[in-house]
Amino acid sequence: MTKPEILTFGCRLNTWESEVMREHAAALDDVIIVNTCAVTGEAERQARQAIRRAHRAKPGARIVVTGCAAQIDPDRWAALPGVTRVLGNEEKLKAESWSASAMHEARSVSDIMVAKETAAHLVTEFAGRTRAFVQVQQGCDHRCTFCIIPFGRGPSRSAPVGVVVEQVRALVESGYREVVLTGVDMTSWGGDLPGTPSLGQLCRRVLALVPQLERLRLSSVDPVEIDEDIWRLLEHEPRFMPYLHLSLQAGSDLILKRMKRRHLAQDAASVIARARALRPGLGIGADVIAGFPTEDDALFEETRAFLAEQGIPYLHVFPYSERPGTPAARMRAVPVPERKVRAATLRAVGAASAQNYYQTLLGQNLRVLMETPTSGHSEQFAPVRLAQGEAEIGEIISLRAIAVDETGLLAERVCDGARFFFTP
């Protein structure tokens with residue numbers, strides 16, 4: 001029997017969902033599951049290529065395609081060679097979708113826009129990973145002009161506190177030291193629950209009810225919807241990681257308005273300044289789109305200058321990608337080659353900011369979660385490599401940063417052979 005092979009594209013939420021499917025499909029043989037992403041055309045292209053490669057390599061295997069791209073356009077994916085089944089985003093998380101009899105159905109894709117609940121699944125293992133993800137929220141009620149994801153994920157819906165706590169506790173009992181809470185529109189968590197609790201309140205409950213959890217981290221958040229409990233945790237709670245990843249998208253007010261974002265550049269700047277004041281030395285990440293429709297040289301320069309001024313070390317830059325059916329796809333487009341040039345320019349800004357940031361960490365003691373025998377990430381999410389020797393994968397060790405190179409920080413043990421779980 002050949003256990004199912006899973007090819008995952010896109011976000012951390014997809015990573016979590018792939019582990020749910022891995023458990024549901026464990027009894028199936030000769031099955032390849034492709035969990036697609038629809039954020040960009042490039043993500044879809046990569047998934048199509050992977051399907052074609054998989055079919056050539058294993059022509060007898062059954063290929064099941066799911067994820068956002070499959071939810072939005074199931075016919076297109078069903079027509080690819082080797083694809084025997086297409087599953088929607090709701091269906092892929094149901095155990096019955098992976099029964100031997102269900103595998104004979106060519107398609108099971110429901111209307112995601114009428115979904116009312118987010119799935120509650122207990123995942124205790126993430127293949128090949130030292131940090132674990134927990135889905136706390138699903139879907140999005142906003143309509144940014146460039147984004148197709150609400151039509152792949154449906155309306156915003158939240159996992160109850162008890163479910164999240166149960167999953168985090170199980171992961172900690174399985175040996176995970178760090179948990180990342182993830183969702184589509186994270187800061188909307190709780191809006192559909194009794195009493196409308198905030199995301200920060202959820203974090204406080206998780207940390208209080210699972211005292212053995214050493215590190216709690218958030219995935220991408222909307223800058224203007226960070227609640228006061230998150231700010232208090234960032235200032236006072238050492239187990240709440242000193243890192244924020246912002247769904248920024250641009251540094252030009254006009255482009256942000258045309259994107260239909262909920263913030264302006266100054267809003268984001270204020271959030272970054274407050275975070276750095278409350279937790280000096282914290283890491284900042286941001287998602288940015290280069291070459292959004294109508295972005296001329298002057299508007300692009302506003303974004304470039306904003307990013308350079310803010311010194312954001314972890315930039316995730318994407319050239320704008322038309323998504324059929326979105327308002328932005330009907331706007332005046334920036335030529336594709338120019339989008340790529342602008343994306344490269346912004347990545348260079350990010351690389352320079354990262355180098356400057358790593359310099360500020362030199363000489364500091366860093367708690368590093370080891371992801372390979374010689375490398376891992378600090379609490380600030382700085383990539384760190386051991387100058388010599390090895391460590392156990394999944395362990396948190398105390399290291400002192402001694403040098404910077406193009407990949408991140410080089411570090412040595414604080415005490416030869418000693419390992420620490422907490423650094424004063």
# chains A, B, ... in the order shown; residues from 1 in each chain; ligands from 1

call {"tool": "residues_around", "arguments": {"residues": "segment 156-159 of chain A", "least_positions_apart": "2", "cutoff": "12 Å", "atoms": "only C-alpha atoms", "output": "ChimeraX atom specification"}}
result
/A:112-121,134-143,149-154,161-167,181-194,196-199,202

call {"tool": "closest_atom_pairs", "arguments": {"of": "segment 228-341 of chain A", "to": "segment 68-82 of chain A", "cutoff": "12 Å", "atoms": "only C-alpha atoms", "output": "Markdown table"}}
result
| residue | atom | partner | partner_atom | distance |
| --- | --- | --- | --- | --- |
| A:Arg323 | CA | A:Ala69 | CA | 10.8 |
| A:Pro324 | CA | A:Ile72 | CA | 10.5 |
| A:Gly325 | CA | A:Ile72 | CA | 10.6 |

call {"tool": "closest_residue", "arguments": {"among": "A:Pro160, A:Pro335, A:Gly10, A:Pro59", "to": "Ala47 of chain A", "atoms": "only C-alpha atoms"}}
result
A:Gly10

call {"tool": "select_by_dssp", "arguments": {"residues": "segment 182-364 of chain A", "states": "alpha helix (DSSP H)", "output": "number ranges by chain"}}
result
A: 199-209, 228-236, 253-259, 265-278, 297-310, 336-360

call {"tool": "closest_residue", "arguments": {"among": "A:Leu246, A:Leu282, A:Ala43, A:Ile393", "to": "Leu315 of chain A", "atoms": "only C-alpha atoms"}}
result
A:Leu246

call {"tool": "atom_distance", "arguments": {"atom1": "atom CA of Glu371 of chain A", "atom2": "atom CA of Ile289 of chain A"}}
result
29.2 Å

call {"tool": "residues_around", "arguments": {"residues": "Val317 of chain A", "least_positions_apart": "5", "cutoff": "8 Å", "atoms": "only C-alpha atoms", "output": "list in words"}}
result
Asp287, Val288, Ile289, Ala290, Ala343, Leu346 and Arg347 of chain A

call {"tool": "write_last_selection", "arguments": {"atoms": "N, CA, C and O atoms", "output": "PDB file, in the first residue's frame"}}
result
ATOM      1  N   ASP A 287       2.844  41.661   3.882  1.00  0.00           N
ATOM      2  CA  ASP A 287       2.523  41.247   2.520  1.00  0.00           C
ATOM      3  C   ASP A 287       2.327  42.501   1.678  1.00  0.00           C
ATOM      4  O   ASP A 287       1.646  43.445   2.103  1.00  0.00           O
ATOM      5  N   VAL A 288       2.923  42.514   0.481  1.00  0.00           N
ATOM      6  CA  VAL A 288       2.858  43.691  -0.388  1.00  0.00           C
ATOM      7  C   VAL A 288       2.618  43.240  -1.828  1.00  0.00           C
ATOM      8  O   VAL A 288       3.213  42.261  -2.282  1.00  0.00           O
ATOM      9  N   ILE A 289       1.752  43.969  -2.531  1.00  0.00           N
ATOM     10  CA  ILE A 289       1.477  43.714  -3.947  1.00  0.00           C
ATOM     11  C   ILE A 289       2.175  44.779  -4.784  1.00  0.00           C
ATOM     12  O   ILE A 289       2.009  45.978  -4.538  1.00  0.00           O
ATOM     13  N   ALA A 290       2.954  44.361  -5.767  1.00  0.00           N
ATOM     14  CA  ALA A 290       3.645  45.289  -6.667  1.00  0.00           C
ATOM     15  C   ALA A 290       2.920  45.346  -8.007  1.00  0.00           C
ATOM     16  O   ALA A 290       2.533  44.324  -8.555  1.00  0.00           O
ATOM     17  N   ALA A 343       8.365  44.431  -8.310  1.00  0.00           N
ATOM     18  CA  ALA A 343       8.452  43.431  -7.240  1.00  0.00           C
ATOM     19  C   ALA A 343       9.900  43.196  -6.841  1.00  0.00           C
ATOM     20  O   ALA A 343      10.229  43.107  -5.644  1.00  0.00           O
ATOM     21  N   LEU A 346      11.102  46.073  -4.679  1.00  0.00           N
ATOM     22  CA  LEU A 346      10.608  46.010  -3.302  1.00  0.00           C
ATOM     23  C   LEU A 346      11.283  44.886  -2.522  1.00  0.00           C
ATOM     24  O   LEU A 346      11.559  45.030  -1.316  1.00  0.00           O
ATOM     25  N   ARG A 347      11.575  43.782  -3.192  1.00  0.00           N
ATOM     26  CA  ARG A 347      12.283  42.699  -2.493  1.00  0.00           C
ATOM     27  C   ARG A 347      13.676  43.152  -2.082  1.00  0.00           C
ATOM     28  O   ARG A 347      14.175  42.772  -1.011  1.00  0.00           O
TER      29      ARG A 347
END

call {"tool": "residues_around", "arguments": {"residues": "Arg332 of chain A", "least_positions_apart": "2", "cutoff": "7 Å", "atoms": "only C-alpha atoms", "output": "VMD selection string"}}
result
chain A and resid 293 to 294 330 334

call {"tool": "residues_around", "arguments": {"residues": "Arg262 of chain A", "least_positions_apart": "6", "cutoff": "10 Å", "atoms": "only C-alpha atoms", "output": "PDB file with N, CA, C and O atoms, in the first residue's frame"}}
result
ATOM      1  N   HIS A 142     -14.951  40.632   3.888  1.00  0.00           N
ATOM      2  CA  HIS A 142     -14.517  41.847   3.207  1.00  0.00           C
ATOM      3  C   HIS A 142     -14.344  41.562   1.715  1.00  0.00           C
ATOM      4  O   HIS A 142     -14.238  40.420   1.294  1.00  0.00           O
ATOM      5  N   CYS A 144     -11.847  43.081  -0.753  1.00  0.00           N
ATOM      6  CA  CYS A 144     -10.754  43.824  -1.370  1.00  0.00           C
ATOM      7  C   CYS A 144     -10.835  43.625  -2.880  1.00  0.00           C
ATOM      8  O   CYS A 144     -11.153  42.519  -3.349  1.00  0.00           O
ATOM      9  N   ASP A 222      -4.700  42.087  10.101  1.00  0.00           N
ATOM     10  CA  ASP A 222      -5.024  43.379   9.514  1.00  0.00           C
ATOM     11  C   ASP A 222      -4.521  44.481  10.440  1.00  0.00           C
ATOM     12  O   ASP A 222      -4.817  44.468  11.642  1.00  0.00           O
ATOM     13  N   PRO A 223      -3.769  45.461   9.937  1.00  0.00           N
ATOM     14  CA  PRO A 223      -3.158  46.469  10.814  1.00  0.00           C
ATOM     15  C   PRO A 223      -4.141  47.215  11.702  1.00  0.00           C
ATOM     16  O   PRO A 223      -3.842  47.467  12.876  1.00  0.00           O
ATOM     17  N   VAL A 224      -5.313  47.599  11.163  1.00  0.00           N
ATOM     18  CA  VAL A 224      -6.212  48.449  11.942  1.00  0.00           C
ATOM     19  C   VAL A 224      -7.156  47.664  12.839  1.00  0.00           C
ATOM     20  O   VAL A 224      -7.979  48.252  13.530  1.00  0.00           O
ATOM     21  N   GLU A 225      -7.051  46.343  12.857  1.00  0.00           N
ATOM     22  CA  GLU A 225      -7.964  45.551  13.683  1.00  0.00           C
ATOM     23  C   GLU A 225      -7.239  44.790  14.792  1.00  0.00           C
ATOM     24  O   GLU A 225      -7.749  43.811  15.317  1.00  0.00           O
ATOM     25  N   LEU A 248      -0.429  44.307   4.680  1.00  0.00           N
ATOM     26  CA  LEU A 248      -0.224  45.720   4.331  1.00  0.00           C
ATOM     27  C   LEU A 248      -0.672  46.030   2.912  1.00  0.00           C
ATOM     28  O   LEU A 248      -1.474  46.926   2.671  1.00  0.00           O
ATOM     29  N   LEU A 256      -4.155  52.010  -1.799  1.00  0.00           N
ATOM     30  CA  LEU A 256      -4.876  51.329  -0.724  1.00  0.00           C
ATOM     31  C   LEU A 256      -6.384  51.555  -0.844  1.00  0.00           C
ATOM     32  O   LEU A 256      -7.186  50.638  -0.626  1.00  0.00           O
TER      33      LEU A 256
END

call {"tool": "closest_residue", "arguments": {"among": "A:Phe292, A:Phe9, A:Trp98, A:Phe133", "to": "Glu23 of chain A", "atoms": "only C-alpha atoms"}}
result
A:Trp98

call {"tool": "closest_residue", "arguments": {"among": "A:Ala354, A:Ala132, A:Leu362, A:Cys203", "to": "Val172 of chain A", "atoms": "only C-alpha atoms"}}
result
A:Ala132

call {"tool": "select_by_dssp", "arguments": {"residues": "segment 66-154 of chain A", "states": "strand (DSSP E or B)", "output": "number ranges by chain"}}
result
A: 66-67, 83-87, 107-108, 131-135, 137-138

call {"tool": "residues_around", "arguments": {"residues": "segment 209-215 of chain A", "least_positions_apart": "6", "cutoff": "12 Å", "atoms": "only C-alpha atoms", "output": "MDAnalysis selection string"}}
result
chainID A and resid 130:133 161:162 164:181 202:203 237:243 367:369 377:381 395:396 421:422
